[in-house]
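Asker: Here's a structure for you.
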There are 2 protein chains.
Amino acid sequence: MLVGVVEPGPKVLYRENEIGFGGTAEAILDRLAHEVRQGLEAHPQATSVGVGIPCTIDFERGFAVSSVHLPIVGVPVRELLQERLEMPVLIDNDANLAALAEHRFGAGRGTRDVVMLTIGTGIGGGLVLEDEVYRGTTGAAGELGHTVVDAEGPPCFGNCPNRGCVEAMVSGTALARDGLVAAQDHPGSALGRRLDAGEPIDGRAVTEAALAGDEAARAVVERAGRYLGVALTSFANIFEPDVIIVGGGVMAAGELLLGPAREELRSKALEPQNATRVELAELGPDAGMIGAATMAAGASVAA
Amino acid sequence: MLVGVVEPGPKVLYRENEIGFGGTAEAILDRLAHEVRQGLEAHPQATSVGVGIPCTIDFERGFAVSSVHLPIVGVPVRELLQERLEMPVLIDNDANLAALAEHRFGAGRGTRDVVMLTIGTGIGGGLVLEDEVYRGTTGAAGELGHTVVDAEGPPCFGNCPNRGCVEAMVSGTALARDGLVAAQDHPGSALGRRLDAGEPIDGRAVTEAALAGDEAARAVVERAGRYLGVALTSFANIFEPDVIIVGGGVMAAGELLLGPAREELRSKALEPQNATRVELAELGPDAGMIGAATMAAGASVAA
């Protein structure tokens, strides 16, 4: 968890990193309220609070509809935090907020329509269409990671009952799965030696081995890049956005992943969508926090 | 081509069906202007003209960017028609306009966010998001038929360089392709006997045979229905719309096609997206014309 105080600009005035939290919904809310209060004491000029959560959110009602990791489904997070903090609170999906931040202050500055993927353990998605976050009927829209790229593909992860979603092919979890197979198939490769030494084969290990030139790992990352490109092609055809922004930890793989993805988009999308720009995210791990503050500031202005 | 005069409501006051046209861009524009003038003479109260074209449209600039059938790429259709008719003209992709019409007057009445597929020879797509047609950067958005459902699938049709798009799996052209294979594999089936008699196996022949109970044809339609469901699942996860509307000639197959599609959506989409409504279009072949008039009327009010 990351808590901060952000001024328009954006300027991060306060930041508290690496706050671990867990336990019951009550414990999570207490901890969150406590940490926000710390920030508010340091910067009492703050007038509203935005919260980004990696869950499917009912935006109007302010609670989590489904969640892979947090025991807060159905808990009225917005209302309970508002009571604790005595200040306006808005909550949204963290990937929506990352997209908002990149649209306002990052790789989407000056554009109107942004499609954003945050590729980490899973794949989060966010849509800023005609300059506003698009949320759908209840706030669950933008689950771009659960766009199918291969109907015959492997089972997806987390609470997704589908198969062959782009998350199932390109996320850190997918790279780990495919990296393990590559390690078994190529015992002499860097991944194979890692497996032999009993070290974990996670997404990071795969991208690092690929960046260091290991052929088996490169093949895994390049294959993932092509599947990422299949999804980007669909998004370009669907949205014709000004830009598709790609961020998250897996993008440490850089052009190894993005090169094949761009090539797929250029050669397979319709015209004029095949000219859609694809850019790396600029705001890094702060994107969600900056987006949450942007949302909260916008709402207080509007209210 | 279909030309009509439409009052808000909508009420179709005038309709000229089955106008064949072709030749050069000049000939097409002359014929179109002539037919519109006929309508305007019969109903001089009309104040604006909307045109729906089955091409990728640059909406602001009013011309076709790419086209499978019509020789009008790069021709400033809106401007040239405005000159000929001395009246405000707007042009848009016909599937966008069908979506607008269904949103205002059809299966999407009273909703905010509509995703619509028009499944005919190809698959047209339209998006009405937050009550307005979503067009993307230049007007090319909403090409929902070119959402990939199977990266390893067969080549797509028309001017699409991709493979495994939903159009490549579910359109009338796809049904014809798969129906021919089924006819060859099952010579005793209705499709097989059709092939033997030298009759064409087109999408219509496949859906009619399926509706009449032919097992080989039913298997083709049901498989297409499952792939349609893969696309609907992606659209539900991406947009969480109020409703997905499905229309076009291929929907004559009705529940044979839509049943497997709905089942796929219910079982494979995320929560709450798995509850997304899927409805048949209500306005039939008039949808594009009604949408064009709606767009034109909206613009004249705004202008």
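Numbering starts fresh at 1 for the residues of each chain in the structure tokens, the chains themselves are lettered A, B, ... in the order given, and ligands are numbered from 1 as they appear.
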As an MDAnalysis selection string, please: all residues of segment 217-280 of chain A that backbone DSSP puts in strand (DSSP E).

Answerer: chainID A and resid 243:247 277:280

Asker: Per DSSP on the backbone, what are the helix (DSSP H, G or I) residues of segment 94-223 of chain B, as a PyMOL selection string?

Answerer: chain B and resi 94-105+144-146+166-170+172-185+190-196+203-211+215-223

Asker: Select, as a VMD selection string, those residues of chain B with any atom no more than 8 Å from chain A (distances computed using only C-alpha atoms).

Answerer: chain B and resid 65 to 66 112 to 113 135 to 144 146 to 152 159 to 162 227 230 to 231 233 to 242 267 to 273

Asker: Tell me, as a VMD selection string, which residues lie within 12 Å of segment 212-223 of chain B, counting only C-alpha atoms; anything in the same chain fewer than 6 positions away does not count.

Answerer: chain B and resid 166 169 to 172 174 to 194 201 to 206 229 to 230 250 to 264

Asker: So that I can check the surroundings of segment 85-89 of chain B, please list as JSON, numbers by chain every protein, DNA and RNA residue that reaches within 9 Å of it, counting only C-alpha atoms and ignoring chain neighbours fewer than 3 positions away.

Answerer: {"B": [33, 34, 36, 37, 47, 48, 49, 50, 51, 78, 79, 80, 81, 82, 296, 299, 300]}

Asker: Save the residues we just selected, N, CA and C atoms, as an mmCIF file, in the first residue's frame?

Answerer:
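Contents of the output file part.cif:
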data_model
loop_
_atom_site.group_PDB
_atom_site.id
_atom_site.type_symbol
_atom_site.label_atom_id
_atom_site.label_comp_id
_atom_site.auth_asym_id
_atom_site.auth_seq_id
_atom_site.Cartn_x
_atom_site.Cartn_y
_atom_site.Cartn_z
ATOM 1 N N ALA B 33 -27.309 12.099 -54.216
ATOM 2 C CA ALA B 33 -27.908 13.443 -54.121
ATOM 3 C C ALA B 33 -29.291 13.453 -54.785
ATOM 4 N N HIS B 34 -29.389 12.791 -55.919
ATOM 5 C CA HIS B 34 -30.668 12.718 -56.631
ATOM 6 C C HIS B 34 -31.733 12.055 -55.757
ATOM 7 N N VAL B 36 -31.796 11.679 -52.498
ATOM 8 C CA VAL B 36 -32.118 12.492 -51.313
ATOM 9 C C VAL B 36 -33.039 13.644 -51.716
ATOM 10 N N ARG B 37 -32.771 14.256 -52.881
ATOM 11 C CA ARG B 37 -33.628 15.356 -53.363
ATOM 12 C C ARG B 37 -35.065 14.902 -53.553
ATOM 13 N N THR B 47 -34.567 19.281 -42.452
ATOM 14 C CA THR B 47 -33.604 20.380 -42.304
ATOM 15 C C THR B 47 -32.151 19.940 -42.345
ATOM 16 N N SER B 48 -31.919 18.642 -42.333
ATOM 17 C CA SER B 48 -30.535 18.183 -42.347
ATOM 18 C C SER B 48 -30.492 16.758 -42.878
ATOM 19 N N VAL B 49 -29.300 16.364 -43.318
ATOM 20 C CA VAL B 49 -29.135 15.062 -43.958
ATOM 21 C C VAL B 49 -28.031 14.288 -43.257
ATOM 22 N N GLY B 50 -28.333 13.050 -42.916
ATOM 23 C CA GLY B 50 -27.328 12.149 -42.357
ATOM 24 C C GLY B 50 -27.124 10.980 -43.293
ATOM 25 N N VAL B 51 -25.877 10.568 -43.432
ATOM 26 C CA VAL B 51 -25.561 9.475 -44.351
ATOM 27 C C VAL B 51 -24.741 8.421 -43.612
ATOM 28 N N ARG B 78 -18.903 14.308 -47.449
ATOM 29 C CA ARG B 78 -19.781 15.240 -46.746
ATOM 30 C C ARG B 78 -19.834 16.587 -47.460
ATOM 31 N N GLU B 79 -18.665 17.115 -47.783
ATOM 32 C CA GLU B 79 -18.572 18.414 -48.433
ATOM 33 C C GLU B 79 -19.239 18.411 -49.808
ATOM 34 N N LEU B 80 -18.979 17.385 -50.597
ATOM 35 C CA LEU B 80 -19.535 17.321 -51.950
ATOM 36 C C LEU B 80 -21.056 17.163 -51.916
ATOM 37 N N LEU B 81 -21.557 16.401 -50.922
ATOM 38 C CA LEU B 81 -23.015 16.263 -50.807
ATOM 39 C C LEU B 81 -23.648 17.562 -50.325
ATOM 40 N N GLN B 82 -22.952 18.239 -49.407
ATOM 41 C CA GLN B 82 -23.447 19.528 -48.919
ATOM 42 C C GLN B 82 -23.586 20.530 -50.061
ATOM 43 N N ALA B 296 -28.190 13.499 -37.738
ATOM 44 C CA ALA B 296 -28.374 14.768 -38.462
ATOM 45 C C ALA B 296 -29.253 15.721 -37.657
ATOM 46 N N ALA B 299 -27.333 17.156 -34.706
ATOM 47 C CA ALA B 299 -26.362 18.155 -35.139
ATOM 48 C C ALA B 299 -27.046 19.471 -35.468
ATOM 49 N N SER B 300 -28.244 19.407 -36.090
ATOM 50 C CA SER B 300 -28.897 20.656 -36.460
ATOM 51 C C SER B 300 -29.397 21.384 -35.212
#

Asker: Name all residues at most 10 Å from Gln45 of chain A (count only C-alpha atoms; drop same-chain ones fewer than 3 positions away) and give them as a PyMOL selection string.

Answerer: chain A and resi 5+7+40-42+48

Asker: What is the atom CA of Ala281 of chain A-atom CA of Gly110 of chain A distance in Å, reported with one decimal?

Answerer: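 Between atom CA of Ala281 of chain A and atom CA of Gly110 of chain A the gap is 14.5 Å.
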